[in-house]
Amino acid sequence: MNSFSRSRRVGRVIETHQNDRGLWWVSMTRPTLLVVLCLLIAKPVAAGLPRSEPEAVGLDAQRLQRIDEIVAEGLAEKKMPGCVVCVGRHGKIAFLKAYGQKQLQPSEMPMTTDTVFDMASITKPVATATSVMLLIERGQLRLSDKVASLIPEFAANDKEPITIHDLLIHHSGLLPDNAIADYQDGAETALRKICELTLQAPTGTKFIYSDVNYILLGEIIRRVSGKTVHEFSRDNIFAPLEMLATGYLPNAELCAKAAPTEQRDGHWMQGEVHDPRAFKLGGVAGHAGLFSTAEDIANYSQMMLRRGDFGGVRVLAPTTVARMTRGDRVSNGLRGLGWDKRTGYSINRGDLLSDSAFGHGGFTGTVLWIDPDLDLFFVFLSNRVHPNGKGLVNPLAGRIASVVASAVRDVEQPGDRAATPREVLTGIDVLQRDGFRQLAGRKVGLITNHTGRNRDDASTVKLLSGAKNLQLAAIFSPEHGYEGKLDISKVGDSNDATTGLKVFSLYGETRKPTAAMLESIDTVVFDIQDIDCRFYTYNSTMGEAMKACAEHKRRFVVLDRPNPINGVDVAGPMLDAGKESFVGFHRLPVRHGMTSGELATMFKAELKLDLDLQIVPCEGWRRGDAWDATGLTWVNPSPNMRSLTEAFLYPGIGLLETTNVSVGRGTDTPFEVVGAPWLDGRKLAVELNARGIPGTRFVAIQFTPVSSKFENKKCGGVNIIIADRNRFEPLRVGFEIAAALRRLSPNDWDPKAYDRLLSNERTLKAVLEGRSVADIQEIAREGVSDFLRRRATFLLYE
């Protein structure tokens, strides 16, 4: 039972007081004391987040004092009658202060830290979007569901393509607000008027911040769950988080503690929703209507910072929080699912929060920003519309947000992450932890090899074959075969000794599953470790399988894995249009900086595949992390990819192996050496070291491959040493070696096949013409900025 239902039973019986030392006392009548004691025994009152001195959580207390000055300026300039500011970090409230008045008319009344505020549009992410994501977690909704499939009458006037996702990120093309008169006759008529609306822009083409989107989401919550957004959010979000003063339709006790806004029909709106459309809808709507306090919002913020957990109570799955807050590309910036990231509405975020920050503002003068990278939240609550609607707080709140971010004294550096591995869960770990519910009732075909393993070294084949709620019916293998040991041009079918299942090769007579292979299954699952290089073929196998599943109407599920050489760095050249092949499946740069799951979402969208695609994301992995920051065991992805160092080298050095040099195949250190019988390794090492290539040194060596190119022939060459991985650029190193070979051995080095993996005519021409490496790199960057914009929409991780 939450505070709203309790208060209706008890009535107005309790009065709380606070002295100047922050101590509380209670006065009540004796009969009501017995009732309240019984209620307290039944369910204790939540204590909320603990308090802390700023220094104890890595905040500069002296810098935070600047908040007092900024608020004083705002009060003097009548930007608002008063406000409450709350700052939390590392699970504790480090700053909580009330300023000014909560009421100026009809009489003055001081602001207090427990003042209840009309949250206005903060309703959208906290109540509505969170409720929608819970329904998605439960399998009752999907982001790709069309609104018209849930509200059939909505399809009128070309609105049939609009999805739940479009509503959440304001990409539906609907107008900001329809006429207030449309709401005059109640919710049923209002919905009919919304269904009659026409689009202001084609769906998916333009960011238009729209209350209509969230009114529709509120209706969808009601139709899918059988509860209003008020009831659903109360039961599934606010009650578990012990947000006892939070919800729609506050009772008399909470109304008395509320900050008034303006007058309506001759009375002050105090505990009555300010938004006129929400008011016409009875105070309950998806876009506005929520009331809360600073400390309650602190509880919600802490839950989001802890990836859905609050004091051992799980409200959201970690993957849900990640998906809500990652940032989807919209026409004028980035939006989360319900959240602002960086758009024209972000003036209240300030300038110093990290790229991972997400937040929202409300018309009445409310602001919330949450920053996972800083483990920080900032709450600013005011009733700036009191008494005459003329206040202005967003610029002021943005200034305070900058002060708060600047007070952080222990920002984690990229090097710190690598030094302290976190527990990263791959997609198969998440699937196993969740009881394989994502595949419940499915007949599964698994594309995998020896890299498909969980944290405890159990194979994905073993785990799926042992799951009771699904059937593993077929196995498929990529290049190098099921066991990852073959380095041949064609791999045949085989059998799995443990399960007895046939293993269909997707690197033999066919490169994609055939209709016959798919006959006994309804779902294809992909679980293979990739290494972030366009011409490494595992993701080509994934792409071809996705095409086959789209053609034959099979679900496709990717069990995602970290990008082992980080998901931040991207380097060209881009694949030229028309040069797509199995070593260049899609128009990507050589180093794309994406995971397999992210690539799958890109392939589906850009290849326009009619495909039921599901990603099971990693948990705990950040884009800046390389493999050694994950705590996971390295498994050689292919016969010649034997270390993380070689994975870092491969995008640049791998390009060279189509020419007449050895890149170390047939040695113990493939891709760490480059040489040939005709090459003088000392001259090449001197030439390259003189270039001062960042993060890299070269040692002259001799080596004799026992197989592959130049088998049993002594080669002169260089050993490539990564001296500083943070400065090392594999593509530049590859281009430097190519340019040096062109200068030192123009008659011996044969680059005619260099374009087979490079697949970029202008870059090849620059190399052949002997252009400077700076020029080659500049040409290789062409198109990469456009790719980064394309890529942003599909990223799953911060």
# chains A, B, ... in the order shown; residues from 1 in each chain; ligands from 1

call {"tool": "select_by_dssp", "arguments": {"residues": "region 300-332 of chain A", "states": "strand (DSSP E)", "output": "VMD selection string"}}
result
chain A and resid 309 to 310 313 to 314 328 to 330

call {"tool": "residues_around", "arguments": {"residues": "region 339-348 of chain A", "least_positions_apart": "4", "cutoff": "9 Å", "atoms": "only C-alpha atoms", "output": "PyMOL selection string"}}
result
chain A and resi 122+124-126+129+168-169+324-328+330+332-335+355-361+367-369+393-401

call {"tool": "residues_around", "arguments": {"residues": "Gly445 (chain A)", "least_positions_apart": "5", "cutoff": "7 Å", "atoms": "only C-alpha atoms", "output": "list in words"}}
result
Leu472, Ala473, Ala474, Ile475, Ile521, Thr523, Val524 and Val525 of chain A

call {"tool": "residues_around", "arguments": {"residues": "Pro589 (chain A)", "least_positions_apart": "2", "cutoff": "10 Å", "atoms": "only C-alpha atoms", "output": "PDB file with all heavy atoms, in the first residue's frame"}}
result
ATOM      1  N   CYS A 533      36.970  -5.372 -37.421  1.00  0.00           N
ATOM      2  CA  CYS A 533      37.657  -5.129 -38.682  1.00  0.00           C
ATOM      3  C   CYS A 533      36.719  -5.532 -39.807  1.00  0.00           C
ATOM      4  O   CYS A 533      36.171  -6.634 -39.799  1.00  0.00           O
ATOM      5  CB  CYS A 533      38.955  -5.936 -38.753  1.00  0.00           C
ATOM      6  SG  CYS A 533      39.919  -5.574 -40.233  1.00  0.00           S
ATOM      7  N   ARG A 534      36.551  -4.654 -40.780  1.00  0.00           N
ATOM      8  CA  ARG A 534      35.567  -4.867 -41.842  1.00  0.00           C
ATOM      9  C   ARG A 534      35.788  -6.171 -42.588  1.00  0.00           C
ATOM     10  O   ARG A 534      34.837  -6.855 -42.961  1.00  0.00           O
ATOM     11  CB  ARG A 534      35.630  -3.698 -42.830  1.00  0.00           C
ATOM     12  CG  ARG A 534      34.590  -3.760 -43.930  1.00  0.00           C
ATOM     13  CD  ARG A 534      34.782  -2.613 -44.913  1.00  0.00           C
ATOM     14  NE  ARG A 534      36.006  -2.726 -45.669  1.00  0.00           N
ATOM     15  CZ  ARG A 534      36.719  -1.691 -46.113  1.00  0.00           C
ATOM     16  NH1 ARG A 534      36.337  -0.462 -45.831  1.00  0.00           N
ATOM     17  NH2 ARG A 534      37.827  -1.881 -46.797  1.00  0.00           N
ATOM     18  N   PHE A 535      37.051  -6.560 -42.814  1.00  0.00           N
ATOM     19  CA  PHE A 535      37.303  -7.732 -43.651  1.00  0.00           C
ATOM     20  C   PHE A 535      37.458  -9.016 -42.837  1.00  0.00           C
ATOM     21  O   PHE A 535      37.795 -10.064 -43.394  1.00  0.00           O
ATOM     22  CB  PHE A 535      38.512  -7.516 -44.573  1.00  0.00           C
ATOM     23  CG  PHE A 535      39.739  -6.931 -43.924  1.00  0.00           C
ATOM     24  CD1 PHE A 535      40.652  -7.741 -43.266  1.00  0.00           C
ATOM     25  CD2 PHE A 535      39.988  -5.571 -44.000  1.00  0.00           C
ATOM     26  CE1 PHE A 535      41.787  -7.205 -42.680  1.00  0.00           C
ATOM     27  CE2 PHE A 535      41.123  -5.022 -43.418  1.00  0.00           C
ATOM     28  CZ  PHE A 535      42.031  -5.843 -42.759  1.00  0.00           C
ATOM     29  N   VAL A 570      37.452   4.744 -34.629  1.00  0.00           N
ATOM     30  CA  VAL A 570      36.957   4.417 -35.967  1.00  0.00           C
ATOM     31  C   VAL A 570      37.968   4.940 -36.973  1.00  0.00           C
ATOM     32  O   VAL A 570      38.484   6.048 -36.813  1.00  0.00           O
ATOM     33  CB  VAL A 570      35.575   5.051 -36.218  1.00  0.00           C
ATOM     34  CG1 VAL A 570      35.126   4.839 -37.652  1.00  0.00           C
ATOM     35  CG2 VAL A 570      34.544   4.496 -35.249  1.00  0.00           C
ATOM     36  N   ALA A 571      38.270   4.158 -38.003  1.00  0.00           N
ATOM     37  CA  ALA A 571      39.249   4.611 -38.991  1.00  0.00           C
ATOM     38  C   ALA A 571      38.917   4.042 -40.362  1.00  0.00           C
ATOM     39  O   ALA A 571      38.553   2.872 -40.494  1.00  0.00           O
ATOM     40  CB  ALA A 571      40.664   4.194 -38.576  1.00  0.00           C
ATOM     41  N   GLY A 572      39.079   4.891 -41.383  1.00  0.00           N
ATOM     42  CA  GLY A 572      38.834   4.485 -42.759  1.00  0.00           C
ATOM     43  C   GLY A 572      40.063   3.856 -43.373  1.00  0.00           C
ATOM     44  O   GLY A 572      41.064   3.622 -42.686  1.00  0.00           O
ATOM     45  N   PRO A 573      39.946   3.543 -44.659  1.00  0.00           N
ATOM     46  CA  PRO A 573      38.962   4.078 -45.589  1.00  0.00           C
ATOM     47  C   PRO A 573      37.633   3.328 -45.583  1.00  0.00           C
ATOM     48  O   PRO A 573      37.548   2.202 -45.132  1.00  0.00           O
ATOM     49  CB  PRO A 573      39.652   3.922 -46.939  1.00  0.00           C
ATOM     50  CG  PRO A 573      40.503   2.705 -46.767  1.00  0.00           C
ATOM     51  CD  PRO A 573      40.996   2.760 -45.348  1.00  0.00           C
ATOM     52  N   MET A 574      36.625   4.009 -46.158  1.00  0.00           N
ATOM     53  CA  MET A 574      35.321   3.399 -46.339  1.00  0.00           C
ATOM     54  C   MET A 574      35.376   2.408 -47.502  1.00  0.00           C
ATOM     55  O   MET A 574      36.201   2.517 -48.407  1.00  0.00           O
ATOM     56  CB  MET A 574      34.276   4.467 -46.652  1.00  0.00           C
ATOM     57  CG  MET A 574      34.025   5.478 -45.539  1.00  0.00           C
ATOM     58  SD  MET A 574      33.272   4.751 -44.080  1.00  0.00           S
ATOM     59  CE  MET A 574      31.703   4.187 -44.732  1.00  0.00           C
ATOM     60  N   LEU A 575      34.490   1.449 -47.463  1.00  0.00           N
ATOM     61  CA  LEU A 575      34.310   0.535 -48.591  1.00  0.00           C
ATOM     62  C   LEU A 575      33.643   1.301 -49.731  1.00  0.00           C
ATOM     63  O   LEU A 575      32.597   1.926 -49.542  1.00  0.00           O
ATOM     64  CB  LEU A 575      33.430  -0.640 -48.175  1.00  0.00           C
ATOM     65  CG  LEU A 575      33.182  -1.717 -49.225  1.00  0.00           C
ATOM     66  CD1 LEU A 575      34.364  -2.689 -49.268  1.00  0.00           C
ATOM     67  CD2 LEU A 575      31.900  -2.479 -48.920  1.00  0.00           C
ATOM     68  N   ASP A 576      34.254   1.274 -50.917  1.00  0.00           N
ATOM     69  CA  ASP A 576      33.645   1.919 -52.079  1.00  0.00           C
ATOM     70  C   ASP A 576      32.319   1.247 -52.436  1.00  0.00           C
ATOM     71  O   ASP A 576      32.191   0.013 -52.342  1.00  0.00           O
ATOM     72  CB  ASP A 576      34.572   1.821 -53.297  1.00  0.00           C
ATOM     73  CG  ASP A 576      35.694   2.844 -53.268  1.00  0.00           C
ATOM     74  OD1 ASP A 576      35.583   3.831 -52.514  1.00  0.00           O
ATOM     75  OD2 ASP A 576      36.691   2.631 -53.988  1.00  0.00           O
ATOM     76  N   GLY A 584      33.847  -7.706 -47.440  1.00  0.00           N
ATOM     77  CA  GLY A 584      33.390  -6.319 -47.358  1.00  0.00           C
ATOM     78  C   GLY A 584      31.880  -6.298 -47.469  1.00  0.00           C
ATOM     79  O   GLY A 584      31.329  -5.814 -48.450  1.00  0.00           O
ATOM     80  N   HIS A 586      29.385  -4.752 -46.002  1.00  0.00           N
ATOM     81  CA  HIS A 586      28.549  -3.545 -45.926  1.00  0.00           C
ATOM     82  C   HIS A 586      29.451  -2.325 -46.013  1.00  0.00           C
ATOM     83  O   HIS A 586      30.660  -2.408 -45.791  1.00  0.00           O
ATOM     84  CB  HIS A 586      27.768  -3.556 -44.607  1.00  0.00           C
ATOM     85  CG  HIS A 586      26.644  -2.573 -44.552  1.00  0.00           C
ATOM     86  ND1 HIS A 586      25.600  -2.568 -45.458  1.00  0.00           N
ATOM     87  CD2 HIS A 586      26.378  -1.547 -43.693  1.00  0.00           C
ATOM     88  CE1 HIS A 586      24.753  -1.594 -45.165  1.00  0.00           C
ATOM     89  NE2 HIS A 586      25.200  -0.959 -44.095  1.00  0.00           N
ATOM     90  N   ARG A 587      28.864  -1.172 -46.301  1.00  0.00           N
ATOM     91  CA  ARG A 587      29.643   0.047 -46.456  1.00  0.00           C
ATOM     92  C   ARG A 587      30.081   0.552 -45.089  1.00  0.00           C
ATOM     93  O   ARG A 587      29.433   1.379 -44.449  1.00  0.00           O
ATOM     94  CB  ARG A 587      28.848   1.103 -47.212  1.00  0.00           C
ATOM     95  CG  ARG A 587      28.609   0.742 -48.670  1.00  0.00           C
ATOM     96  CD  ARG A 587      28.537   1.980 -49.534  1.00  0.00           C
ATOM     97  NE  ARG A 587      29.782   2.723 -49.530  1.00  0.00           N
ATOM     98  CZ  ARG A 587      29.876   4.060 -49.653  1.00  0.00           C
ATOM     99  NH1 ARG A 587      28.786   4.773 -49.778  1.00  0.00           N
ATOM    100  NH2 ARG A 587      31.048   4.654 -49.639  1.00  0.00           N
ATOM    101  N   ARG A 591      37.971  -0.002 -39.730  1.00  0.00           N
ATOM    102  CA  ARG A 591      37.734  -0.163 -38.291  1.00  0.00           C
ATOM    103  C   ARG A 591      36.449   0.583 -37.954  1.00  0.00           C
ATOM    104  O   ARG A 591      36.401   1.809 -37.971  1.00  0.00           O
ATOM    105  CB  ARG A 591      38.916   0.377 -37.488  1.00  0.00           C
ATOM    106  CG  ARG A 591      38.824   0.089 -36.005  1.00  0.00           C
ATOM    107  CD  ARG A 591      40.074   0.518 -35.267  1.00  0.00           C
ATOM    108  NE  ARG A 591      39.939   0.260 -33.838  1.00  0.00           N
ATOM    109  CZ  ARG A 591      40.826   0.625 -32.913  1.00  0.00           C
ATOM    110  NH1 ARG A 591      41.939   1.268 -33.280  1.00  0.00           N
ATOM    111  NH2 ARG A 591      40.620   0.365 -31.641  1.00  0.00           N
ATOM    112  N   HIS A 592      35.392  -0.156 -37.616  1.00  0.00           N
ATOM    113  CA  HIS A 592      34.065   0.448 -37.478  1.00  0.00           C
ATOM    114  C   HIS A 592      33.700   0.795 -36.040  1.00  0.00           C
ATOM    115  O   HIS A 592      32.778   1.577 -35.801  1.00  0.00           O
ATOM    116  CB  HIS A 592      33.005  -0.471 -38.068  1.00  0.00           C
ATOM    117  CG  HIS A 592      33.118  -1.897 -37.642  1.00  0.00           C
ATOM    118  ND1 HIS A 592      32.805  -2.331 -36.372  1.00  0.00           N
ATOM    119  CD2 HIS A 592      33.531  -3.002 -38.335  1.00  0.00           C
ATOM    120  CE1 HIS A 592      33.020  -3.642 -36.290  1.00  0.00           C
ATOM    121  NE2 HIS A 592      33.452  -4.078 -37.462  1.00  0.00           N
ATOM    122  N   GLY A 593      34.371   0.218 -35.051  1.00  0.00           N
ATOM    123  CA  GLY A 593      34.102   0.554 -33.656  1.00  0.00           C
ATOM    124  C   GLY A 593      32.732   0.117 -33.174  1.00  0.00           C
ATOM    125  O   GLY A 593      32.146   0.757 -32.301  1.00  0.00           O
ATOM    126  N   LEU A 758      41.477  -3.377 -48.948  1.00  0.00           N
ATOM    127  CA  LEU A 758      41.353  -1.924 -48.778  1.00  0.00           C
ATOM    128  C   LEU A 758      40.029  -1.442 -49.364  1.00  0.00           C
ATOM    129  O   LEU A 758      39.307  -0.653 -48.753  1.00  0.00           O
ATOM    130  CB  LEU A 758      42.529  -1.234 -49.467  1.00  0.00           C
ATOM    131  CG  LEU A 758      42.741   0.256 -49.224  1.00  0.00           C
ATOM    132  CD1 LEU A 758      43.180   0.500 -47.790  1.00  0.00           C
ATOM    133  CD2 LEU A 758      43.784   0.795 -50.200  1.00  0.00           C
ATOM    134  N   SER A 759      39.731  -1.876 -50.568  1.00  0.00           N
ATOM    135  CA  SER A 759      38.448  -1.615 -51.240  1.00  0.00           C
ATOM    136  C   SER A 759      38.104  -0.129 -51.314  1.00  0.00           C
ATOM    137  O   SER A 759      36.962   0.261 -51.140  1.00  0.00           O
ATOM    138  CB  SER A 759      37.316  -2.387 -50.535  1.00  0.00           C
ATOM    139  OG  SER A 759      37.555  -3.760 -50.567  1.00  0.00           O
ATOM    140  N   ASN A 760      39.118   0.675 -51.587  1.00  0.00           N
ATOM    141  CA  ASN A 760      38.904   2.110 -51.721  1.00  0.00           C
ATOM    142  C   ASN A 760      39.872   2.643 -52.765  1.00  0.00           C
ATOM    143  O   ASN A 760      41.086   2.727 -52.523  1.00  0.00           O
ATOM    144  CB  ASN A 760      39.112   2.807 -50.370  1.00  0.00           C
ATOM    145  CG  ASN A 760      38.761   4.282 -50.428  1.00  0.00           C
ATOM    146  OD1 ASN A 760      39.523   5.086 -50.944  1.00  0.00           O
ATOM    147  ND2 ASN A 760      37.602   4.630 -49.882  1.00  0.00           N
ATOM    148  N   ALA A 780      41.771   8.687 -46.718  1.00  0.00           N
ATOM    149  CA  ALA A 780      41.121   7.543 -46.068  1.00  0.00           C
ATOM    150  C   ALA A 780      40.007   7.975 -45.125  1.00  0.00           C
ATOM    151  O   ALA A 780      39.133   7.169 -44.802  1.00  0.00           O
ATOM    152  CB  ALA A 780      42.150   6.699 -45.323  1.00  0.00           C
ATOM    153  N   ARG A 781      40.045   9.230 -44.681  1.00  0.00           N
ATOM    154  CA  ARG A 781      38.995   9.715 -43.773  1.00  0.00           C
ATOM    155  C   ARG A 781      37.731  10.129 -44.510  1.00  0.00           C
ATOM    156  O   ARG A 781      36.704  10.400 -43.882  1.00  0.00           O
ATOM    157  CB  ARG A 781      39.517  10.887 -42.939  1.00  0.00           C
ATOM    158  CG  ARG A 781      40.371  10.465 -41.751  1.00  0.00           C
ATOM    159  CD  ARG A 781      40.625  11.630 -40.814  1.00  0.00           C
ATOM    160  NE  ARG A 781      41.623  12.537 -41.345  1.00  0.00           N
ATOM    161  CZ  ARG A 781      42.930  12.460 -41.078  1.00  0.00           C
ATOM    162  NH1 ARG A 781      43.389  11.508 -40.295  1.00  0.00           N
ATOM    163  NH2 ARG A 781      43.782  13.327 -41.588  1.00  0.00           N
ATOM    164  N   GLU A 782      37.772  10.190 -45.830  1.00  0.00           N
ATOM    165  CA  GLU A 782      36.606  10.620 -46.585  1.00  0.00           C
ATOM    166  C   GLU A 782      35.425   9.683 -46.334  1.00  0.00           C
ATOM    167  O   GLU A 782      35.551   8.469 -46.466  1.00  0.00           O
ATOM    168  CB  GLU A 782      36.927  10.674 -48.081  1.00  0.00           C
ATOM    169  CG  GLU A 782      37.911  11.766 -48.450  1.00  0.00           C
ATOM    170  CD  GLU A 782      38.294  11.736 -49.926  1.00  0.00           C
ATOM    171  OE1 GLU A 782      37.809  10.828 -50.645  1.00  0.00           O
ATOM    172  OE2 GLU A 782      39.087  12.593 -50.355  1.00  0.00           O
ATOM    173  N   GLY A 783      34.313  10.252 -45.973  1.00  0.00           N
ATOM    174  CA  GLY A 783      33.115   9.466 -45.723  1.00  0.00           C
ATOM    175  C   GLY A 783      32.974   8.949 -44.305  1.00  0.00           C
ATOM    176  O   GLY A 783      31.903   8.473 -43.914  1.00  0.00           O
ATOM    177  N   VAL A 784      34.043   9.035 -43.511  1.00  0.00           N
ATOM    178  CA  VAL A 784      33.976   8.495 -42.150  1.00  0.00           C
ATOM    179  C   VAL A 784      33.056   9.328 -41.267  1.00  0.00           C
ATOM    180  O   VAL A 784      32.317   8.789 -40.435  1.00  0.00           O
ATOM    181  CB  VAL A 784      35.385   8.376 -41.543  1.00  0.00           C
ATOM    182  CG1 VAL A 784      35.307   7.986 -40.062  1.00  0.00           C
ATOM    183  CG2 VAL A 784      36.213   7.350 -42.307  1.00  0.00           C
ATOM    184  N   PHE A 787      29.693   8.236 -41.876  1.00  0.00           N
ATOM    185  CA  PHE A 787      29.476   6.936 -41.231  1.00  0.00           C
ATOM    186  C   PHE A 787      29.208   7.116 -39.736  1.00  0.00           C
ATOM    187  O   PHE A 787      28.332   6.440 -39.178  1.00  0.00           O
ATOM    188  CB  PHE A 787      30.690   6.031 -41.429  1.00  0.00           C
ATOM    189  CG  PHE A 787      30.664   4.816 -40.550  1.00  0.00           C
ATOM    190  CD1 PHE A 787      29.834   3.750 -40.842  1.00  0.00           C
ATOM    191  CD2 PHE A 787      31.447   4.744 -39.405  1.00  0.00           C
ATOM    192  CE1 PHE A 787      29.786   2.627 -40.018  1.00  0.00           C
ATOM    193  CE2 PHE A 787      31.406   3.637 -38.575  1.00  0.00           C
ATOM    194  CZ  PHE A 787      30.575   2.571 -38.888  1.00  0.00           C
ATOM    195  N   LEU A 788      29.947   7.999 -39.084  1.00  0.00           N
ATOM    196  CA  LEU A 788      29.746   8.208 -37.650  1.00  0.00           C
ATOM    197  C   LEU A 788      28.325   8.690 -37.362  1.00  0.00           C
ATOM    198  O   LEU A 788      27.726   8.306 -36.354  1.00  0.00           O
ATOM    199  CB  LEU A 788      30.771   9.203 -37.110  1.00  0.00           C
ATOM    200  CG  LEU A 788      32.206   8.691 -37.034  1.00  0.00           C
ATOM    201  CD1 LEU A 788      33.168   9.825 -36.680  1.00  0.00           C
ATOM    202  CD2 LEU A 788      32.335   7.554 -36.038  1.00  0.00           C
TER     203      LEU A 788
END

call {"tool": "residues_around", "arguments": {"residues": "Val385 (chain A)", "least_positions_apart": "5", "cutoff": "6 Å", "atoms": "only C-alpha atoms", "output": "number ranges by chain"}}
result
A: 261, 364, 390-391

call {"tool": "closest_residue", "arguments": {"among": "A:Val616, A:Ile721, A:Val699, A:Leu352", "to": "Ile428 (chain A)", "atoms": "only C-alpha atoms"}}
result
A:Val616

call {"tool": "decode", "arguments": {"residues": "region 248-276 of chain A", "atoms": "C-alpha atoms", "output": "mmCIF file, in the first residue's frame"}}
result
data_model
loop_
_atom_site.group_PDB
_atom_site.id
_atom_site.type_symbol
_atom_site.label_atom_id
_atom_site.label_comp_id
_atom_site.auth_asym_id
_atom_site.auth_seq_id
_atom_site.Cartn_x
_atom_site.Cartn_y
_atom_site.Cartn_z
ATOM 1 C CA TYR A 248 -0.665 11.424 -9.874
ATOM 2 C CA LEU A 249 -3.679 12.945 -8.072
ATOM 3 C CA PRO A 250 -1.980 13.762 -4.744
ATOM 4 C CA ASN A 251 -4.161 13.423 -1.656
ATOM 5 C CA ALA A 252 -5.060 16.252 0.722
ATOM 6 C CA GLU A 253 -1.910 15.842 2.838
ATOM 7 C CA LEU A 254 0.359 16.113 -0.168
ATOM 8 C CA CYS A 255 -1.659 18.941 -1.721
ATOM 9 C CA ALA A 256 -1.108 20.951 1.455
ATOM 10 C CA LYS A 257 2.660 20.484 1.016
ATOM 11 C CA ALA A 258 2.587 21.314 -2.710
ATOM 12 C CA ALA A 259 3.997 24.456 -4.272
ATOM 13 C CA PRO A 260 1.161 26.375 -5.981
ATOM 14 C CA THR A 261 1.466 27.366 -9.607
ATOM 15 C CA GLU A 262 -1.110 29.730 -11.180
ATOM 16 C CA GLN A 263 -4.826 30.395 -10.789
ATOM 17 C CA ARG A 264 -7.501 28.430 -12.611
ATOM 18 C CA ASP A 265 -11.188 29.386 -12.419
ATOM 19 C CA GLY A 266 -10.557 31.677 -9.469
ATOM 20 C CA HIS A 267 -8.526 29.278 -7.290
ATOM 21 C CA TRP A 268 -4.831 28.540 -6.930
ATOM 22 C CA MET A 269 -3.613 25.300 -8.454
ATOM 23 C CA GLN A 270 -1.954 23.592 -5.500
ATOM 24 C CA GLY A 271 -1.601 19.849 -5.965
ATOM 25 C CA GLU A 272 -3.706 20.243 -9.103
ATOM 26 C CA VAL A 273 -1.969 19.641 -12.418
ATOM 27 C CA HIS A 274 -0.986 22.861 -14.206
ATOM 28 C CA ASP A 275 -0.989 21.432 -17.738
ATOM 29 C CA PRO A 276 -4.419 22.218 -19.248
#
